[in-house]
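See below for input-v1.csv, which holds CSV, C-alpha atoms and all ligand atoms.
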chain,number,residue,atom,x,y,z
A,1,MET,CA,0.7,31.0,13.5
A,2,THR,CA,0.1,27.3,13.3
A,3,GLN,CA,2.4,24.9,15.0
A,4,GLU,CA,5.3,23.5,12.9
A,5,THR,CA,5.5,19.8,12.6
A,6,TYR,CA,9.0,18.3,12.6
A,7,LEU,CA,9.6,14.7,11.7
A,8,THR,CA,12.8,12.7,11.6
A,9,GLY,CA,13.5,9.0,10.8
A,10,ILE,CA,16.3,7.1,12.4
A,11,THR,CA,17.7,4.2,10.5
A,12,THR,CA,18.2,1.1,12.6
A,13,THR,CA,21.5,-0.2,11.3
A,14,GLY,CA,24.6,0.0,13.4
A,15,THR,CA,25.5,1.4,16.8
A,16,PRO,CA,25.4,5.2,17.5
A,17,HIS,CA,28.7,7.0,17.9
A,18,ILE,CA,29.7,10.3,19.4
A,19,GLY,CA,29.4,12.0,16.0
A,20,ASN,CA,25.8,10.9,15.7
A,21,TYR,CA,25.2,12.2,19.3
A,22,VAL,CA,26.7,15.6,18.7
A,23,GLY,CA,25.3,16.1,15.2
A,24,ALA,CA,21.8,14.5,15.4
A,25,ILE,CA,20.8,13.0,18.8
A,26,ARG,CA,21.6,15.9,21.1
A,27,PRO,CA,19.9,18.6,19.1
A,28,ALA,CA,16.9,16.4,18.5
A,29,VAL,CA,16.6,15.6,22.3
A,30,ALA,CA,16.8,19.4,23.0
A,31,SER,CA,13.9,20.1,20.6
A,32,SER,CA,11.9,17.2,21.9
A,33,LYS,CA,11.4,19.3,25.0
A,34,ASP,CA,10.2,22.3,23.0
A,35,GLN,CA,6.5,22.7,23.6
A,36,SER,CA,6.0,25.1,20.8
A,37,ARG,CA,6.8,22.4,18.2
A,38,ASN,CA,5.2,19.2,17.2
A,39,ASN,CA,8.0,16.6,17.0
A,40,PHE,CA,8.0,13.1,15.6
A,41,TYR,CA,11.0,10.7,15.9
A,42,PHE,CA,10.7,7.2,14.7
A,43,LEU,CA,12.8,4.1,14.0
A,44,ALA,CA,12.8,3.5,10.3
A,45,ASP,CA,12.9,-0.3,10.7
A,46,TYR,CA,11.2,-1.3,7.5
A,47,HIS,CA,13.8,0.8,5.7
A,48,SER,CA,16.5,-1.5,7.0
A,49,LEU,CA,15.2,-4.2,4.6
A,50,ALA,CA,16.8,-2.2,1.8
A,51,LYS,CA,20.2,-2.6,3.5
A,52,THR,CA,20.4,-5.8,5.4
A,53,GLU,CA,18.8,-9.2,5.5
A,54,GLU,CA,20.0,-10.2,8.9
A,55,PRO,CA,17.0,-10.5,11.3
A,56,ASP,CA,19.1,-10.5,14.5
A,57,ARG,CA,21.0,-7.4,13.4
A,58,ILE,CA,17.8,-5.5,12.6
A,59,HIS,CA,16.3,-6.6,16.0
A,60,ARG,CA,19.4,-5.7,18.0
A,61,SER,CA,20.0,-2.4,16.3
A,62,GLY,CA,16.3,-1.4,16.9
A,63,LEU,CA,16.9,-1.9,20.6
A,64,GLU,CA,20.2,-0.1,20.7
A,65,VAL,CA,19.0,2.9,18.8
A,66,ALA,CA,15.8,3.2,20.8
A,67,ALA,CA,17.7,2.8,24.1
A,68,THR,CA,20.2,5.4,23.0
A,69,TRP,CA,17.6,8.0,22.3
A,70,LEU,CA,15.8,7.4,25.5
A,71,ALA,CA,19.1,7.3,27.6
A,72,CYS,CA,20.0,10.7,26.0
A,73,GLY,CA,16.9,12.2,27.5
A,74,LEU,CA,14.3,12.2,24.7
A,75,ASP,CA,11.0,13.7,26.0
A,76,THR,CA,8.5,11.1,24.9
A,77,ASP,CA,5.6,12.8,26.6
A,78,ASN,CA,6.0,15.9,24.5
A,79,ALA,CA,7.4,14.3,21.3
A,80,TYR,CA,6.1,11.3,19.5
A,81,PHE,CA,8.6,8.4,19.5
A,82,TYR,CA,7.6,5.2,17.7
A,83,ARG,CA,8.6,2.4,15.5
A,84,GLN,CA,7.6,2.7,11.8
A,85,SER,CA,6.5,-1.0,11.8
A,86,ASP,CA,4.0,-0.3,14.6
A,87,ILE,CA,2.1,2.0,12.3
A,88,PRO,CA,0.4,-0.2,9.6
A,89,GLU,CA,-1.0,2.9,8.0
A,90,ILE,CA,2.5,3.8,6.8
A,91,PRO,CA,2.9,0.8,4.5
A,92,GLU,CA,-0.7,1.3,3.4
A,93,LEU,CA,0.1,4.8,2.4
A,94,THR,CA,3.2,3.6,0.7
A,95,TRP,CA,1.2,1.4,-1.6
A,96,ILE,CA,-1.3,4.2,-2.3
A,97,LEU,CA,1.6,6.5,-3.2
A,98,ASN,CA,2.9,3.8,-5.6
A,99,GLY,CA,-0.1,4.7,-7.6
A,100,VAL,CA,1.1,8.3,-8.2
A,101,THR,CA,4.8,7.7,-8.3
A,102,ALA,CA,6.5,7.7,-11.8
A,103,LYS,CA,8.8,4.8,-12.2
A,104,GLY,CA,11.2,7.2,-14.0
A,105,LEU,CA,11.5,9.2,-10.8
A,106,MET,CA,12.7,6.2,-8.9
A,107,ASN,CA,15.1,5.3,-11.7
A,108,ARG,CA,16.9,8.6,-10.9
A,109,ALA,CA,17.4,7.9,-7.2
A,110,HIS,CA,21.1,8.2,-6.2
A,111,SER,CA,21.1,5.1,-4.0
A,112,TYR,CA,19.6,3.0,-6.7
A,113,LYS,CA,21.9,4.4,-9.4
A,114,ALA,CA,24.9,3.8,-7.3
A,115,GLN,CA,24.0,0.1,-7.1
A,116,VAL,CA,23.5,-0.1,-10.9
A,117,GLN,CA,26.8,1.6,-11.4
A,118,ALA,CA,28.5,-0.9,-9.0
A,119,ASN,CA,27.1,-3.7,-11.1
A,120,ASP,CA,28.4,-2.1,-14.3
A,121,ASP,CA,31.9,-1.5,-12.7
A,122,ARG,CA,32.0,-5.3,-11.9
A,123,GLY,CA,31.2,-6.0,-15.5
A,124,SER,CA,27.9,-7.7,-14.7
A,125,SER,CA,25.6,-8.2,-17.7
A,126,ASP,CA,22.5,-7.5,-15.4
A,127,PRO,CA,22.4,-3.9,-14.3
A,128,ASP,CA,19.9,-4.8,-11.6
A,129,LYS,CA,21.8,-7.8,-10.2
A,130,GLY,CA,21.2,-8.2,-6.5
A,131,ILE,CA,19.0,-5.1,-6.2
A,132,VAL,CA,15.8,-5.6,-4.2
A,133,MET,CA,12.6,-3.7,-4.6
A,134,ALA,CA,13.0,-2.4,-1.0
A,135,LEU,CA,16.0,-0.4,-2.2
A,136,TYR,CA,14.2,0.8,-5.3
A,137,ASN,CA,11.0,1.8,-3.5
A,138,TYR,CA,12.9,3.2,-0.5
A,139,PRO,CA,12.0,6.9,-1.4
A,140,ILE,CA,8.3,6.0,-1.5
A,141,LEU,CA,8.3,4.5,1.9
A,142,MET,CA,10.2,7.6,3.2
A,143,ALA,CA,7.6,9.8,1.6
A,144,ALA,CA,4.8,7.9,3.4
A,145,ASP,CA,6.7,8.3,6.7
A,146,ILE,CA,6.6,12.1,6.2
A,147,LEU,CA,3.2,12.6,4.6
A,148,MET,CA,1.4,10.3,7.1
A,149,PHE,CA,1.9,12.9,9.9
A,150,LYS,CA,1.5,16.1,7.8
A,151,ALA,CA,5.1,17.1,8.6
A,152,ASN,CA,6.1,20.4,7.1
A,153,LYS,CA,9.7,20.4,8.3
A,154,VAL,CA,12.1,17.5,7.9
A,155,PRO,CA,15.6,18.1,9.3
A,156,VAL,CA,17.9,15.9,7.2
A,157,GLY,CA,21.5,15.7,6.1
A,158,ARG,CA,22.6,16.7,2.7
A,159,ASP,CA,22.5,13.1,1.5
A,160,GLN,CA,18.7,13.0,1.9
A,161,LYS,CA,18.0,16.1,-0.2
A,162,GLN,CA,17.0,14.1,-3.3
A,163,HIS,CA,14.6,12.0,-1.2
A,164,MET,CA,13.0,15.1,0.0
A,165,GLU,CA,12.5,16.4,-3.5
A,166,MET,CA,10.9,13.1,-4.4
A,167,THR,CA,8.6,13.3,-1.5
A,168,ARG,CA,7.4,16.7,-2.6
A,169,ASP,CA,7.0,15.6,-6.1
A,170,ILE,CA,4.9,12.5,-5.1
A,171,ALA,CA,2.8,14.6,-2.7
A,172,GLN,CA,2.1,17.2,-5.4
A,173,ARG,CA,1.1,14.6,-8.0
A,174,PHE,CA,-1.3,13.1,-5.4
A,175,ASN,CA,-2.9,16.4,-4.6
A,176,HIS,CA,-3.1,17.3,-8.3
A,177,ARG,CA,-5.1,14.1,-8.9
A,178,TYR,CA,-7.2,13.8,-5.7
A,179,GLY,CA,-7.4,17.3,-4.1
A,180,ASP,CA,-5.6,19.2,-1.5
A,181,ILE,CA,-5.0,16.4,1.0
A,182,LEU,CA,-1.3,15.9,1.6
A,183,VAL,CA,0.9,18.5,3.2
A,184,ILE,CA,4.0,19.4,1.0
A,185,PRO,CA,7.0,19.3,3.4
A,186,ASP,CA,10.2,21.3,3.3
A,187,ALA,CA,13.6,19.8,3.9
A,188,GLU,CA,15.6,21.6,6.6
A,189,ILE,CA,19.2,21.0,5.6
A,190,ASN,CA,21.3,22.3,8.4
A,191,GLU,CA,24.6,23.3,6.9
A,192,ASN,CA,26.2,24.1,10.2
A,193,THR,CA,25.3,20.8,11.9
A,194,ALA,CA,28.3,19.9,13.9
A,195,THR,CA,30.3,17.1,12.4
A,196,LEU,CA,33.1,15.5,14.3
A,197,SER,CA,36.4,14.1,13.1
A,198,GLY,CA,37.1,10.5,13.8
A,199,LEU,CA,40.2,8.7,15.1
A,200,ASP,CA,42.1,9.2,11.8
A,201,GLY,CA,41.1,12.8,11.4
A,202,ARG,CA,38.6,12.2,8.6
A,203,LYS,CA,34.9,12.8,9.3
A,204,MET,CA,33.7,10.4,11.9
A,205,SER,CA,31.7,7.7,10.1
A,206,LYS,CA,30.8,4.1,10.2
A,207,SER,CA,32.0,3.7,6.7
A,208,TYR,CA,35.6,4.8,7.6
A,209,ASP,CA,35.6,2.6,10.7
A,210,ASN,CA,37.0,5.5,12.7
A,211,THR,CA,34.3,6.1,15.2
A,212,ILE,CA,34.0,6.2,19.0
A,213,PRO,CA,30.8,4.4,19.9
A,214,LEU,CA,28.8,6.6,22.3
A,215,PHE,CA,28.4,3.9,24.9
A,216,VAL,CA,31.6,1.8,24.7
A,217,ASP,CA,32.8,0.7,28.1
A,218,GLU,CA,35.4,2.9,29.8
A,219,LYS,CA,38.4,0.7,29.0
A,220,LYS,CA,37.6,0.7,25.3
A,221,LEU,CA,36.8,4.4,25.4
A,222,ARG,CA,40.3,5.0,26.8
A,223,LYS,CA,41.9,2.9,24.2
A,224,LEU,CA,40.1,4.7,21.4
A,225,VAL,CA,40.9,8.2,22.7
A,226,MET,CA,44.6,7.2,22.9
A,227,LYS,CA,44.4,6.3,19.2
A,228,ILE,CA,43.3,9.7,18.0
A,229,LYS,CA,45.7,11.1,15.5
A,230,THR,CA,47.8,14.1,16.5
A,231,ASN,CA,50.9,15.8,14.9
A,232,SER,CA,54.4,15.3,16.1
A,233,LEU,CA,54.9,18.4,18.2
A,234,GLU,CA,56.7,17.8,21.5
A,235,PRO,CA,55.5,18.6,25.0
A,236,GLY,CA,56.2,22.3,25.7
A,237,GLU,CA,55.8,23.3,22.1
A,238,PRO,CA,52.8,25.6,21.5
A,239,LYS,CA,50.0,23.9,19.6
A,240,GLU,CA,47.2,25.0,17.3
A,241,THR,CA,43.6,24.1,18.3
A,242,GLU,CA,42.6,24.5,14.6
A,243,GLY,CA,42.7,21.1,13.0
A,244,SER,CA,43.2,19.2,16.3
A,245,THR,CA,40.7,16.3,16.5
A,246,LEU,CA,41.3,16.1,20.3
A,247,TYR,CA,40.3,19.8,20.7
A,248,GLU,CA,37.4,19.4,18.3
A,249,ILE,CA,35.8,16.6,20.2
A,250,PHE,CA,36.5,18.3,23.6
A,251,ARG,CA,34.8,21.4,22.4
A,252,ALA,CA,31.7,19.5,21.2
A,253,PHE,CA,31.1,18.4,24.8
A,254,ALA,CA,32.6,21.1,27.1
A,255,ASN,CA,31.3,24.5,28.2
A,256,ASP,CA,32.9,27.9,27.2
A,257,ASP,CA,35.1,28.2,30.3
A,258,GLU,CA,36.4,24.7,29.9
A,259,VAL,CA,37.1,25.3,26.2
A,260,LYS,CA,39.0,28.5,27.0
A,261,ASP,CA,41.0,26.7,29.6
A,262,VAL,CA,42.1,24.0,27.1
A,263,GLU,CA,42.9,26.7,24.5
A,264,ARG,CA,45.2,28.3,27.0
A,265,ARG,CA,46.9,24.9,27.6
A,266,TYR,CA,47.4,24.4,23.9
A,267,ALA,CA,49.2,27.7,23.7
A,268,GLU,CA,51.3,26.7,26.7
A,269,GLY,CA,52.3,23.5,24.9
A,270,ILE,CA,50.3,20.7,26.6
A,271,ALA,CA,51.6,17.3,25.8
A,272,TRP,CA,49.4,15.2,23.5
A,273,GLY,CA,49.4,12.4,26.0
A,274,GLU,CA,48.1,14.7,28.6
A,275,MET,CA,45.4,16.1,26.4
A,276,LYS,CA,44.3,12.6,25.5
A,277,GLN,CA,44.0,11.8,29.2
A,278,LEU,CA,42.1,15.0,29.8
A,279,LEU,CA,39.7,14.2,26.9
A,280,PHE,CA,39.2,10.7,28.0
A,281,GLU,CA,38.3,11.7,31.6
A,282,TYR,CA,36.0,14.4,30.4
A,283,LEU,CA,34.1,12.1,28.0
A,284,LYS,CA,33.9,9.4,30.6
A,285,GLU,CA,32.3,11.6,33.2
A,286,HIS,CA,30.1,13.4,30.7
A,287,ILE,CA,28.7,10.2,29.2
A,288,LYS,CA,28.5,8.2,32.4
A,289,PRO,CA,25.0,9.0,33.5
A,290,MET,CA,23.7,8.3,30.0
A,291,ARG,CA,25.6,5.1,29.7
A,292,GLU,CA,24.2,3.9,33.1
A,293,GLU,CA,20.7,4.5,31.8
A,294,TYR,CA,21.5,2.9,28.5
A,295,ASN,CA,22.7,-0.3,30.2
A,296,ARG,CA,19.7,-0.3,32.4
A,297,LEU,CA,17.5,-0.2,29.3
A,298,LEU,CA,19.4,-3.0,27.5
A,299,ASP,CA,19.0,-5.1,30.6
A,300,ASP,CA,15.3,-4.5,30.6
A,301,PRO,CA,14.1,-4.1,27.0
A,302,ALA,CA,10.5,-4.3,28.1
A,303,ILE,CA,10.8,-0.6,29.3
A,304,VAL,CA,11.9,0.4,25.7
A,305,GLU,CA,9.1,-1.7,24.2
A,306,GLU,CA,6.6,0.0,26.4
A,307,GLU,CA,7.8,3.4,25.4
A,308,LEU,CA,7.6,2.5,21.7
A,309,LEU,CA,4.1,1.1,22.1
A,310,LYS,CA,3.0,4.2,23.9
A,311,GLY,CA,4.4,6.3,21.1
A,312,ALA,CA,2.7,4.2,18.4
A,313,GLU,CA,-0.7,4.4,20.2
A,314,ARG,CA,-0.5,8.2,20.2
A,315,ALA,CA,0.7,8.4,16.6
A,316,ARG,CA,-2.1,6.2,15.4
A,317,GLU,CA,-4.6,8.6,16.8
A,318,ILE,CA,-3.4,10.7,13.9
A,319,SER,CA,-2.7,8.1,11.2
A,320,VAL,CA,-5.9,6.0,11.5
A,321,PRO,CA,-8.4,8.8,10.8
A,322,TYR,CA,-6.0,10.3,8.2
A,323,ILE,CA,-5.6,7.1,6.2
A,324,ALA,CA,-9.4,6.7,6.2
A,325,GLU,CA,-9.7,10.2,4.6
A,326,ILE,CA,-7.0,9.3,2.0
A,327,ARG,CA,-8.6,6.0,1.1
A,328,HIS,CA,-11.9,7.8,0.7
A,329,ALA,CA,-10.3,10.3,-1.6
A,330,ILE,CA,-8.9,7.7,-3.9
A,331,GLY,CA,-12.1,5.8,-4.2
A,332,ILE,CA,-11.4,2.9,-1.8
A,333,ARG,CA,-14.7,3.3,0.1
A,334,GLN,CA,-17.5,1.3,1.7
A,335,LEU,CA,-20.1,0.1,-0.8
A,336,GLY,CA,-23.2,0.8,1.2
B,1,LIG,N1,16.4,7.9,4.8
B,1,LIG,C1,16.8,8.4,6.0
B,1,LIG,C2,18.3,8.2,6.3
B,1,LIG,O1,18.9,7.3,5.7
B,1,LIG,C3,16.0,7.9,7.2
B,1,LIG,C4,14.5,8.1,7.1
B,1,LIG,C5,13.6,7.2,6.8
B,1,LIG,C6,13.9,9.4,7.2
B,1,LIG,N2,12.4,7.9,6.8
B,1,LIG,C7,12.5,9.2,7.0
B,1,LIG,C8,14.4,10.7,7.5
B,1,LIG,C9,11.7,10.3,7.1
B,1,LIG,C10,13.5,11.7,7.5
B,1,LIG,C11,12.1,11.5,7.3
B,1,LIG,O2,18.9,8.8,7.1
Whole structure, structure tokens version:
Amino acid sequence: MTQETYLTGITTTGTPHIGNYVGAIRPAVASSKDQSRNNFYFLADYHSLAKTEEPDRIHRSGLEVAATWLACGLDTDNAYFYRQSDIPEIPELTWILNGVTAKGLMNRAHSYKAQVQANDDRGSSDPDKGIVMALYNYPILMAADILMFKANKVPVGRDQKQHMEMTRDIAQRFNHRYGDILVIPDAEINENTATLSGLDGRKMSKSYDNTIPLFVDEKKLRKLVMKIKTNSLEPGEPKETEGSTLYEIFRAFANDDEVKDVERRYAEGIAWGEMKQLLFEYLKEHIKPMREEYNRLLDDPAIVEEELLKGAERAREISVPYIAEIRHAIGIRQLG
């Protein structure tokens, strides 16, 4: 059997939180070590132009996200780890794909339609007010990310399902016109990816402002854990683990014996204050070695830069000859 090629893009906006760690980073780090798979992880920094126009934020977030993945133990010798903007063949392929992408397909993109709807809700006479082409073309750039490395498996969240369908559609049109050149990828939508609840009990998410950033300092970590919502049961009263955010977060980090022990203590009526202290101590110790590495990398960004350049160099061994083949196929060739 041929080796599967997995590819995942990481957006460089915001600071990673423990929900991102449990749901995305930790499983990706584990599979980066899997020699039987071909793994690509990259910072989708050009994609951030669709979302922000603040250069400092884009720059800072790129460093934070890359340092986080490295500090969490990504195996960059086995997996490819690079920055989208270091692979000029990706924007080149994006333009080529523009030639086979129906405008109508992009009109149907959820993220674009949501902005049009927002304009309509505000009573704007221009449905496209404030919408940049980077947002409109976002799915084409994403398709290029994937097709550039012949990925056949793309692990994504539910929200990316439509983008994956668009990628397949674009690749199929290309192949129909120019021959069997692009690999048609499959989305791998993992329904049982762990999601964590946040401070207020809703899903942990930047947009709810209820997150615990993965590498906050210990004082802030303590403060945040103490803010986690509980019910009003008194110390000594037996408590359900089901629906308890404290338990849920603990379980996402601890081993089976430790979880069993905490379950017993819930049944015995552990006080919420004590459980909070226990969770805080546990997280603190568990995250500490990674946080130390993270801080070391932030203090010396040249190490991160070097890793990314190494990744780009390896990735371009694939993208440079492949884009030559693609250009040839579409008729962009030497004249003599
Ligand atoms: N659009 C993805 C997100 O918002 C990020 C992304 C960019 C991506 N390019 C990709 C994901 C390629 C998978 C494959 O999360």
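Counting all atoms listed in the file, range 58-73 of chain A has the following residues at most 8 Å away, ignoring those fewer than 5 positions along the same chain: A:Thr12, A:Thr13, A:Gly14, A:Thr15, A:Pro16, A:Ile25, A:Arg26, A:Val29, A:Leu43, A:Asp45, A:Ser48, A:Thr52, A:Met290, A:Arg291, A:Glu293, A:Tyr294, A:Leu297, A:Leu298, A:Pro301, A:Val304.
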So that I have them on file, write out the residues from the current selection with C-alpha atoms, as a tab-separated table (two decimals), keeping the file's coordinate frame.
chain	number	residue	atom	x	y	z
A	12	THR	CA	18.20	1.10	12.60
A	13	THR	CA	21.50	-0.20	11.30
A	14	GLY	CA	24.60	0.00	13.40
A	15	THR	CA	25.50	1.40	16.80
A	16	PRO	CA	25.40	5.20	17.50
A	25	ILE	CA	20.80	13.00	18.80
A	26	ARG	CA	21.60	15.90	21.10
A	29	VAL	CA	16.60	15.60	22.30
A	43	LEU	CA	12.80	4.10	14.00
A	45	ASP	CA	12.90	-0.30	10.70
A	48	SER	CA	16.50	-1.50	7.00
A	52	THR	CA	20.40	-5.80	5.40
A	290	MET	CA	23.70	8.30	30.00
A	291	ARG	CA	25.60	5.10	29.70
A	293	GLU	CA	20.70	4.50	31.80
A	294	TYR	CA	21.50	2.90	28.50
A	297	LEU	CA	17.50	-0.20	29.30
A	298	LEU	CA	19.40	-3.00	27.50
A	301	PRO	CA	14.10	-4.10	27.00
A	304	VAL	CA	11.90	0.40	25.70
> So which residues are near ligand LIG 1 (chain B), meaning at most 10 Å away with only C-alpha atoms and all ligand atoms counted, given back as a ChimeraX atom specification?
Replying inline: /A:6-13,40-48,84,138-147,151,153-161,163-164,167,187
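When all atoms listed in the file are used to measure the gap to Phe149 in chain A, the shortest distance among A:Glu4, A:Asp300, A:Asp126, A:Glu248 belongs to A:Glu4.
For the pair CA of Glu285 in chain A and CA of Phe253 in chain A, the interatomic distance is 10.9 Å.
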>> If I take CA of Asp200 in chain A and CA of Met275 in chain A, how far is one from the other in Å, to one decimal?
In response: 16.5 Å
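The shortest atom-to-atom distance to Leu182 in chain A, with all atoms listed in the file taken into account, belongs to A:Glu325 out of A:Asp256, A:Asp34, A:Asp261, A:Glu325.
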>> Residues within 12 Å of (35.6, 14.8, 9.4), file coordinates, counting all atoms listed in the file: what are they? Give the list as a PyMOL selection string.
In response: chain A and resi 19+23+194-208+210-211+243-245+248-249
> Which is closer to Val225 in chain A than all the others in A:Ser36, A:Ser319, A:Ser85, A:Gln277, using all atoms listed in the file?
Replying inline: A:Gln277
> Hey, what's within 9 Å of Ala315 in chain A if we count only C-alpha atoms and toss same-chain stuff fewer than 4 positions away? As a count of residues only, please?
Replying inline: 10
> Which distance in Å separates CA of Ala171 in chain A and CA of Gln117 in chain A, to one decimal?
Replying inline: 28.6 Å
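Here the question is which of A:Gly273, A:Pro185, A:Pro238, A:Gly179 gets nearest to Met226 in chain A using all atoms listed in the file, and that residue is A:Gly273.
Proximity of A:Lys33, A:Leu97, A:Leu214, A:Lys288 to Met148 in chain A, computed with all atoms listed in the file, is greatest for A:Leu97.
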